[in-house]
>>> print(open('query.tsv').read())   # TSV, C-alpha atoms
chain	number	residue	atom	x	y	z
A	1	MET	CA	177.85	130.39	-26.42
A	2	LYS	CA	175.34	132.42	-28.38
A	3	THR	CA	174.55	135.79	-26.83
A	4	PHE	CA	170.92	136.82	-26.65
A	5	ARG	CA	169.45	140.25	-26.03
A	6	LYS	CA	165.90	139.14	-25.27
A	7	VAL	CA	164.46	135.73	-24.41
A	8	LEU	CA	160.77	134.84	-24.25
A	9	ALA	CA	159.73	132.18	-21.73
A	10	ILE	CA	156.23	130.68	-21.91
A	11	ARG	CA	154.24	129.11	-19.09
A	12	LEU	CA	150.51	129.78	-19.13
A	13	SER	CA	149.02	127.47	-16.49
A	14	ALA	CA	148.45	125.99	-13.91
A	15	LEU	CA	149.41	128.23	-11.01
A	16	GLY	CA	151.50	125.60	-9.24
A	17	ASP	CA	153.49	124.94	-12.40
A	18	ILE	CA	154.00	128.66	-12.93
A	19	CYS	CA	155.29	128.95	-9.35
A	20	MET	CA	157.88	126.28	-10.10
A	21	THR	CA	159.27	128.40	-12.93
A	22	LEU	CA	160.11	131.28	-10.57
A	23	PRO	CA	163.25	129.80	-8.94
A	24	VAL	CA	164.50	129.13	-12.48
A	25	LEU	CA	163.63	132.58	-13.84
A	26	ASP	CA	165.14	134.29	-10.80
A	27	SER	CA	168.38	132.33	-11.13
A	28	VAL	CA	168.80	132.68	-14.89
A	29	SER	CA	168.02	136.41	-14.87
A	30	ARG	CA	170.63	137.02	-12.16
A	31	THR	CA	173.19	134.86	-13.96
A	32	TYR	CA	172.65	136.77	-17.23
A	33	PRO	CA	171.92	140.38	-16.20
A	34	ASP	CA	172.43	141.68	-19.74
A	35	VAL	CA	169.65	139.50	-21.16
A	36	GLN	CA	166.05	140.72	-20.95
A	37	PHE	CA	163.73	137.85	-19.99
A	38	THR	CA	159.97	138.06	-20.52
A	39	LEU	CA	157.53	135.47	-19.16
A	40	LEU	CA	154.29	134.96	-21.09
A	41	THR	CA	151.81	133.84	-18.45
A	42	SER	CA	148.37	134.20	-16.89
A	43	LYS	CA	147.16	137.04	-14.70
A	44	ALA	CA	147.58	134.94	-11.55
A	45	GLY	CA	151.08	133.90	-12.61
A	46	ALA	CA	152.02	137.53	-13.22
A	47	ILE	CA	150.83	138.52	-9.75
A	48	VAL	CA	153.02	135.87	-8.15
A	49	MET	CA	156.08	136.79	-10.21
A	50	GLU	CA	155.71	140.52	-9.67
A	51	THR	CA	155.24	139.93	-5.92
A	52	MET	CA	158.24	137.66	-5.52
A	53	LEU	CA	160.79	138.70	-8.15
A	54	HIS	CA	162.19	142.16	-8.70
A	55	GLN	CA	164.99	141.64	-11.21
A	56	PRO	CA	165.31	144.64	-13.58
A	57	ASN	CA	165.82	142.31	-16.56
A	58	LEU	CA	162.75	140.19	-15.81
A	59	SER	CA	159.25	141.17	-16.93
A	60	VAL	CA	155.88	139.60	-17.72
A	61	LYS	CA	153.38	139.66	-20.56
A	62	VAL	CA	149.90	138.67	-19.42
A	63	ILE	CA	147.34	137.03	-21.66
A	64	ASN	CA	143.97	135.38	-21.26
A	65	LYS	CA	144.12	132.18	-23.28
A	66	ARG	CA	140.45	132.47	-24.21
A	67	ASP	CA	141.24	135.64	-26.16
A	68	TYR	CA	143.43	133.69	-28.60
A	69	ASN	CA	141.32	130.75	-29.71
A	70	GLY	CA	141.78	129.03	-33.05
A	71	ILE	CA	144.47	129.51	-35.66
A	72	ALA	CA	143.49	133.14	-36.20
A	73	GLY	CA	143.82	133.85	-32.49
A	74	LEU	CA	147.18	132.10	-32.25
A	75	ASN	CA	148.50	134.00	-35.25
A	76	ARG	CA	147.40	137.22	-33.59
A	77	LEU	CA	149.22	136.14	-30.43
A	78	TYR	CA	152.36	135.43	-32.46
A	79	LYS	CA	152.26	138.91	-33.99
A	80	GLU	CA	152.04	140.44	-30.51
A	81	LEU	CA	154.96	138.36	-29.31
A	82	LYS	CA	156.97	139.06	-32.45
A	83	ALA	CA	156.70	142.76	-31.58
A	84	LEU	CA	158.73	142.04	-28.43
A	85	ASP	CA	161.72	141.51	-30.74
A	86	VAL	CA	163.01	138.46	-28.87
A	87	ASP	CA	166.04	136.45	-29.98
A	88	ALA	CA	164.99	133.06	-28.59
A	89	VAL	CA	162.05	131.19	-27.07
A	90	ALA	CA	162.02	128.91	-24.02
A	91	ASP	CA	158.74	126.96	-24.08
A	92	LEU	CA	158.16	125.78	-20.52
A	93	HIS	CA	154.66	124.50	-21.27
A	94	ASP	CA	154.60	122.40	-24.47
A	95	VAL	CA	150.90	122.28	-25.33
A	96	LEU	CA	149.25	122.76	-28.74
A	97	ARG	CA	148.90	126.52	-28.23
A	98	THR	CA	152.57	127.03	-27.42
A	99	GLN	CA	153.70	124.57	-30.08
A	100	TRP	CA	152.07	126.76	-32.75
A	101	VAL	CA	153.82	129.84	-31.40
A	102	ASP	CA	157.08	127.86	-31.29
A	103	LEU	CA	156.66	126.89	-34.93
A	104	ARG	CA	156.10	130.47	-36.05
A	105	PHE	CA	159.22	131.67	-34.23
A	106	TRP	CA	161.26	128.74	-35.58
A	107	LEU	CA	160.16	129.46	-39.13
A	108	SER	CA	161.31	133.05	-38.63
A	109	GLY	CA	164.78	131.79	-37.72
A	110	LYS	CA	164.64	132.16	-33.93
A	111	PRO	CA	166.10	129.42	-31.69
A	112	VAL	CA	163.30	127.59	-29.86
A	113	MET	CA	163.69	125.03	-27.07
A	114	ARG	CA	160.80	123.15	-25.51
A	115	ILE	CA	160.43	121.40	-22.17
A	116	GLN	CA	160.84	117.63	-22.19
A	117	LYS	CA	157.99	116.57	-19.93
A	118	GLY	CA	158.94	112.90	-19.73
A	119	ARG	CA	155.42	111.79	-20.63
A	120	SER	CA	156.40	108.15	-21.26
A	121	GLU	CA	158.18	107.91	-17.90
A	122	LYS	CA	155.22	109.45	-16.10
A	123	LYS	CA	152.86	107.00	-17.78
A	124	ALA	CA	155.13	104.16	-16.69
A	125	LEU	CA	155.01	105.52	-13.14
A	126	THR	CA	151.20	105.36	-13.06
A	127	THR	CA	151.07	101.86	-14.54
A	128	GLY	CA	153.60	100.47	-12.06
A	129	ALA	CA	156.22	99.75	-14.71
A	130	ILE	CA	158.65	101.94	-12.75
A	131	HIS	CA	158.66	103.32	-9.22
A	132	ARG	CA	161.46	105.83	-8.82
A	133	GLN	CA	162.08	109.55	-8.66
A	134	LEU	CA	161.75	111.26	-12.03
A	135	THR	CA	163.36	114.54	-13.03
A	136	THR	CA	161.69	117.40	-11.16
A	137	SER	CA	159.70	120.05	-12.99
A	138	VAL	CA	162.07	122.75	-11.72
A	139	GLU	CA	165.03	120.91	-13.25
A	140	ARG	CA	163.13	120.35	-16.50
A	141	TYR	CA	162.57	124.11	-16.73
A	142	ARG	CA	166.28	124.75	-16.12
A	143	GLN	CA	167.18	122.32	-18.90
A	144	VAL	CA	165.19	124.34	-21.45
A	145	PHE	CA	167.35	127.41	-20.87
A	146	SER	CA	170.47	125.26	-20.78
A	147	ALA	CA	169.57	123.85	-24.21
A	148	LEU	CA	169.50	127.44	-25.49
A	149	GLY	CA	173.06	127.88	-24.21
A	150	LEU	CA	172.07	129.67	-21.01
A	151	ASP	CA	173.54	127.37	-18.39
A	152	PHE	CA	173.23	128.23	-14.69
A	153	THR	CA	172.68	126.86	-11.20
A	154	ILE	CA	169.33	127.29	-9.48
A	155	ASP	CA	170.07	129.18	-6.27
A	156	TYR	CA	166.74	130.85	-5.46
A	157	ASP	CA	166.49	131.71	-1.75
A	158	GLY	CA	162.89	131.86	-0.59
A	159	ALA	CA	163.80	133.10	2.88
A	160	SER	CA	165.35	136.31	1.57
A	161	HIS	CA	162.28	137.01	-0.54
A	162	ALA	CA	160.03	136.34	2.46
A	163	ALA	CA	161.93	138.95	4.47
A	164	LEU	CA	160.92	141.59	1.92
A	165	LEU	CA	157.28	140.53	2.11
A	166	ARG	CA	157.27	140.97	5.89
A	167	GLU	CA	157.87	144.69	5.47
A	168	LYS	CA	154.12	145.11	4.91
A	169	PRO	CA	151.43	144.03	7.42
A	170	CYS	CA	149.16	141.05	6.79
A	171	ALA	CA	146.47	138.96	8.49
A	172	VAL	CA	149.03	136.70	10.20
A	173	PRO	CA	150.84	138.44	13.08
A	174	PRO	CA	154.57	137.79	13.18
A	175	GLU	CA	156.14	135.76	15.98
A	176	THR	CA	153.06	133.63	16.60
A	177	LEU	CA	152.77	129.84	16.61
A	178	SER	CA	150.84	129.77	13.35
A	179	VAL	CA	149.99	127.07	10.84
A	180	GLY	CA	148.45	127.49	7.41
A	181	ILE	CA	146.08	124.82	6.11
A	182	ALA	CA	145.19	124.62	2.40
A	183	PRO	CA	142.79	121.66	2.36
A	184	PHE	CA	141.62	121.65	-1.25
A	185	ALA	CA	142.94	120.94	-4.74
A	186	GLN	CA	141.49	120.94	-8.22
A	187	HIS	CA	140.92	117.18	-8.41
A	188	ARG	CA	139.40	114.75	-5.91
A	189	GLY	CA	142.36	112.40	-6.11
A	190	LYS	CA	144.44	115.05	-4.38
A	191	VAL	CA	142.03	116.10	-1.61
A	192	TYR	CA	142.18	114.76	1.93
A	193	PRO	CA	138.52	114.18	2.92
A	194	GLU	CA	136.87	117.10	4.72
A	195	THR	CA	135.67	114.99	7.66
A	196	LEU	CA	139.19	113.70	8.30
A	197	MET	CA	140.76	117.12	7.98
A	198	ARG	CA	138.33	118.55	10.51
A	199	GLN	CA	139.17	115.70	12.89
A	200	MET	CA	142.83	116.54	12.41
A	201	LEU	CA	142.18	120.16	13.36
A	202	ILE	CA	140.45	119.06	16.56
A	203	TYR	CA	143.40	116.86	17.50
A	204	LEU	CA	145.81	119.68	16.73
A	205	VAL	CA	143.96	122.22	18.86
A	206	GLU	CA	143.77	119.75	21.73
A	207	GLN	CA	147.48	119.01	21.54
A	208	LEU	CA	148.62	122.59	20.91
A	209	PRO	CA	145.98	124.98	22.27
A	210	GLU	CA	148.29	127.93	21.69
A	211	VAL	CA	148.47	127.32	17.92
A	212	LYS	CA	146.74	129.70	15.51
A	213	ILE	CA	145.39	128.09	12.36
A	214	TYR	CA	144.80	129.99	9.10
A	215	LEU	CA	142.78	128.45	6.29
A	216	PHE	CA	143.78	129.16	2.68
A	217	GLY	CA	141.77	128.67	-0.48
A	218	GLY	CA	139.83	130.34	-3.24
A	219	PRO	CA	136.51	132.23	-3.25
A	220	ASP	CA	134.60	129.04	-4.07
A	221	GLU	CA	135.85	127.49	-0.83
A	222	GLN	CA	135.12	130.42	1.46
A	223	GLU	CA	131.67	129.29	2.58
A	224	VAL	CA	132.59	125.73	3.48
A	225	LEU	CA	135.73	126.83	5.30
A	226	ASP	CA	133.71	129.33	7.31
A	227	THR	CA	131.93	126.33	8.86
A	228	TRP	CA	135.30	124.97	9.98
A	229	VAL	CA	135.97	128.18	11.89
A	230	ALA	CA	132.78	127.59	13.88
A	231	ASP	CA	134.38	124.48	15.40
A	232	HIS	CA	137.10	126.52	17.12
A	233	PRO	CA	136.64	130.25	16.41
A	234	GLU	CA	139.32	131.22	18.93
A	235	HIS	CA	141.91	129.07	17.15
A	236	ILE	CA	140.96	129.15	13.46
A	237	LYS	CA	140.69	132.01	10.98
A	238	ASN	CA	139.52	131.63	7.39
A	239	LEU	CA	141.46	133.67	4.81
A	240	ALA	CA	139.98	131.91	1.78
A	241	GLY	CA	138.28	134.26	-0.64
A	242	ARG	CA	139.07	137.28	1.49
A	243	GLN	CA	142.42	138.32	0.09
A	244	THR	CA	144.59	138.35	-3.00
A	245	ILE	CA	147.38	135.96	-3.99
A	246	GLU	CA	149.84	138.67	-2.95
A	247	ASP	CA	148.18	138.76	0.49
A	248	ASP	CA	148.42	134.97	0.73
A	249	LEU	CA	152.15	135.14	0.05
A	250	ARG	CA	152.64	137.83	2.71
A	251	CYS	CA	150.73	135.72	5.22
A	252	MET	CA	152.75	132.62	4.37
A	253	ALA	CA	155.93	134.60	4.99
A	254	ASN	CA	154.82	134.93	8.64
A	255	LEU	CA	153.70	131.34	9.18
A	256	LYS	CA	155.75	128.69	10.97
A	257	LEU	CA	154.42	125.83	8.86
A	258	MET	CA	152.08	125.09	5.95
A	259	VAL	CA	149.92	122.02	5.36
A	260	SER	CA	148.80	121.52	1.78
A	261	MET	CA	147.70	118.97	-0.75
A	262	ASP	CA	149.70	118.38	-3.93
A	263	SER	CA	148.48	121.79	-5.09
A	264	ALA	CA	149.41	125.39	-5.80
A	265	ASN	CA	149.58	126.38	-2.13
A	266	MET	CA	152.50	123.99	-1.59
A	267	HIS	CA	154.35	125.85	-4.34
A	268	LEU	CA	153.39	129.29	-3.02
A	269	ALA	CA	154.77	128.26	0.37
A	270	SER	CA	157.96	127.08	-1.31
A	271	LEU	CA	158.50	130.50	-2.88
A	272	VAL	CA	158.71	132.12	0.57
A	273	GLY	CA	160.90	129.35	1.99
A	274	LEU	CA	158.10	128.03	4.21
A	275	ARG	CA	158.28	124.41	5.29
A	276	CYS	CA	155.25	122.51	4.02
A	277	ILE	CA	153.70	119.21	5.05
A	278	SER	CA	152.10	117.84	1.89
A	279	ILE	CA	149.42	115.16	1.73
A	280	TRP	CA	149.53	112.89	-1.32
A	281	GLY	CA	146.81	110.58	-2.60
A	282	ALA	CA	146.42	109.46	-6.21
A	283	THR	CA	149.52	111.42	-7.24
A	284	HIS	CA	153.12	110.87	-6.10
A	285	ARG	CA	156.12	113.07	-5.46
A	286	TYR	CA	158.12	110.78	-7.77
A	287	ALA	CA	156.44	112.51	-10.74
A	288	GLY	CA	158.56	115.58	-9.98
A	289	PHE	CA	156.01	118.02	-8.58
A	290	LEU	CA	157.17	118.29	-4.98
A	291	GLY	CA	157.60	121.93	-3.97
A	292	TYR	CA	160.99	123.58	-4.49
A	293	ARG	CA	163.36	122.64	-1.63
A	294	GLN	CA	160.62	120.88	0.28
A	295	ASN	CA	161.61	117.82	2.31
A	296	GLU	CA	160.50	114.36	1.20
A	297	ASP	CA	160.15	113.44	4.88
A	298	ASP	CA	157.32	116.00	5.11
A	299	CYS	CA	155.24	114.12	2.53
A	300	ILE	CA	152.40	112.20	4.17
A	301	GLU	CA	151.37	109.32	1.96
A	302	LEU	CA	150.50	105.63	1.98
A	303	GLU	CA	152.58	103.19	-0.04
A	304	LEU	CA	149.89	101.23	-1.85
A	305	PRO	CA	150.24	98.97	-4.91
A	306	CYS	CA	147.77	101.21	-6.78
A	307	ARG	CA	149.73	104.43	-6.16
A	308	PRO	CA	150.27	106.53	-8.11
A	309	CYS	CA	147.36	105.96	-10.45
A	310	SER	CA	147.36	109.49	-11.85
A	311	ILE	CA	149.85	112.27	-12.54
A	312	TYR	CA	147.33	115.07	-11.93
A	313	GLY	CA	144.82	113.37	-9.61
A	314	ASN	CA	142.02	113.65	-12.15
A	315	LYS	CA	141.32	109.93	-12.70
A	316	PRO	CA	138.53	108.24	-10.72
A	317	CYS	CA	139.62	105.71	-8.11
A	318	LYS	CA	139.29	102.19	-9.53
A	319	TYR	CA	138.08	101.01	-6.12
A	320	GLY	CA	135.75	103.97	-5.68
A	321	ASP	CA	136.90	104.73	-2.12
A	322	TYR	CA	140.11	106.75	-2.64
A	323	ARG	CA	141.79	104.60	0.00
A	324	CYS	CA	145.09	106.37	-0.65
A	325	LEU	CA	143.56	109.35	1.16
A	326	THR	CA	140.80	107.96	3.37
A	327	LYS	CA	143.20	105.56	5.11
A	328	ILE	CA	145.51	108.36	6.27
A	329	GLU	CA	144.77	108.80	9.98
A	330	PRO	CA	144.03	112.38	11.12
A	331	LYS	CA	146.14	111.80	14.23
A	332	VAL	CA	149.14	111.04	12.01
A	333	VAL	CA	148.85	114.41	10.31
A	334	ALA	CA	148.28	116.26	13.62
A	335	GLN	CA	151.25	114.53	15.23
A	336	ARG	CA	153.53	115.44	12.33
A	337	ILE	CA	152.52	119.09	12.69
A	338	LYS	CA	153.09	118.98	16.44
A	339	ASP	CA	156.51	117.35	16.04
A	340	ILE	CA	157.68	120.09	13.69
A	341	LEU	CA	156.29	122.99	15.74
A	342	THR	CA	157.77	121.72	18.99
A	343	GLN	CA	161.13	120.43	17.80
>>> encode(input="query.tsv", output="structure tokens")
Amino acid sequence: MKTFRKVLAIRLSALGDICMTLPVLDSVSRTYPDVQFTLLTSKAGAIVMETMLHQPNLSVKVINKRDYNGIAGLNRLYKELKALDVDAVADLHDVLRTQWVDLRFWLSGKPVMRIQKGRSEKKALTTGAIHRQLTTSVERYRQVFSALGLDFTIDYDGASHAALLREKPCAVPPETLSVGIAPFAQHRGKVYPETLMRQMLIYLVEQLPEVKIYLFGGPDEQEVLDTWVADHPEHIKNLAGRQTIEDDLRCMANLKLMVSMDSANMHLASLVGLRCISIWGATHRYAGFLGYRQNEDDCIELELPCRPCSIYGNKPCKYGDYRCLTKIEPKVVAQRIKDILTQ
């Protein structure tokens, strides 16, 4: 096996995908303590990694992709990365930007391995040609390092990391019957309709009046979620837009359960070992994006002939009604939450 001093890993976006690299980076850096690993990522990705992982041989380099546009910008990025004096590159992203950086390192004689995304299999999944579990993203990331000769077992323990987060106070008191709800996602094909989600919250409060509900989201969602609080102000608190990603992780460490779409919040919950009910519409867990160590039985979805129609949820519904989401009964979601909290 070739011995490396420094390895550069690259994953620039999206946040959920970056989160899925953390169990891999944690495990490989602990398996090879004499190798210095650097993750090239976004500002948000760096915040998550620096909050969750504290390995002395694991660091981040943050960039804003917009600062490196065009060939000139990518060449400038390569020069900055070359200054890190790395021995090998693990491309966990495989887009045009990273492919150019890969090429420059390869031409300089550095070993470069790139993620195999399984694009043809994923296309077959959305066309109905196949309907089976594909290799997970987390495993695909592990395979990149393995191809470099850095073989290891993924043994990330979210619960132990959550214990460290609980050492600082947050908006969610410990030892309360608390549920986090992250009702939004980037694309419509992933979002459970607002009217149905609000009905679900009413059912949940009626069934479990002692439950405390915390809403998670970004600044753009703060205003609309504030209106949800007005329904049951004694039971619901909106955290969206009021705290940092680090704060969100600390709050999740104190929750009993998370409810999320196929989105970044499912993956943030996974990093702290928090059980997550996930609601799936146009996308499907078979594509490999289920949160790390999350249970397939906690996926709420309808088996329809048209599902999945999209890997990322960004394609318009061919029927126009997003029946994969609108036909999920709010009482079903509320009952699943109740069953878990009272079991």
>>> closest_atom_pairs(input="query.tsv", of="stretch 182-243 of chain A", to="stretch 314-319 of chain A", cutoff="10 Å", atoms="all atoms listed in the file", output="Markdown table")
| residue | atom | partner | partner_atom | distance |
| --- | --- | --- | --- | --- |
| A:Gln186 | CA | A:Asn314 | CA | 8.3 |
| A:His187 | CA | A:Asn314 | CA | 5.3 |
| A:Arg188 | CA | A:Asn314 | CA | 6.9 |
| A:Gly189 | CA | A:Asn314 | CA | 6.2 |
| A:Lys190 | CA | A:Asn314 | CA | 8.3 |
>>> closest_residue(input="query.tsv", among="A:Cys306, A:Leu268, A:Ile279, A:Leu150", to="A:Val191", atoms="all atoms listed in the file")
A:Ile279
>>> atom_distance(input="query.tsv", atom1="atom CA of A:Asn265", atom2="atom CA of A:Leu96")
26.9 Å
>>> atom_distance(input="query.tsv", atom1="atom CA of A:Val144", atom2="atom CA of A:Val112")
9.2 Å
>>> residues_around(input="query.tsv", residues="A:Ala264", least_positions_apart="6", cutoff="10 Å", atoms="all atoms listed in the file", output="MDAnalysis selection string")
chainID A and resid 14:20 182 184:186 217 270 291
>>> residues_around(input="query.tsv", residues="A:Val229", least_positions_apart="2", cutoff="12 Å", atoms="all atoms listed in the file", output="PyMOL selection string")
chain A and resi 198+201-202+212-215+222-227+231-240
>>> atom_distance(input="query.tsv", atom1="atom CA of A:Met197", atom2="atom CA of A:Thr126")
26.3 Å
>>> closest_residue(input="query.tsv", among="A:Cys309, A:Gln199, A:Ala147, A:Leu81", to="A:Ala129", atoms="all atoms listed in the file")
A:Cys309
>>> closest_residue(input="query.tsv", among="A:Gln294, A:Ser178, A:Ser120, A:Asn75", to="A:Asp102", atoms="all atoms listed in the file")
A:Asn75
>>> closest_residue(input="query.tsv", among="A:Thr38, A:Ser160, A:Thr21, A:Thr136", to="A:His284", atoms="only C-alpha atoms")
A:Thr136
>>> closest_residue(input="query.tsv", among="A:Leu134, A:Leu53, A:Ala282, A:Ile181", to="A:Tyr156", atoms="only C-alpha atoms")
A:Leu53
>>> residues_around(input="query.tsv", residues="A:Val332", least_positions_apart="4", cutoff="9 Å", atoms="all atoms listed in the file", output="list in words")
Met200, Ile300, Ile328, Arg336 and Ile337 of chain A
>>> closest_residue(input="query.tsv", among="A:Ile340, A:Val333, A:Leu92, A:Leu208", to="A:Ser260", atoms="all atoms listed in the file")
A:Val333
>>> closest_atom_pairs(input="query.tsv", of="stretch 134-235 of chain A", to="stretch 274-277 of chain A", cutoff="9 Å", atoms="all atoms listed in the file", output="tab-separated table")
residue	atom	partner	partner_atom	distance
A:Gly158	CA	A:Leu274	CA	7.8
A:Ala159	CA	A:Leu274	CA	7.7
A:Ala162	CA	A:Leu274	CA	8.7
>>> axis_aligned_box(input="query.tsv", around="stretch 78-93 of chain A", padding_each_side="5 Å", output="AutoDock Vina command-line options")
--center_x 159.0 --center_y 133.6 --center_z -27.3 --size_x 24.0 --size_y 28.3 --size_z 23.5
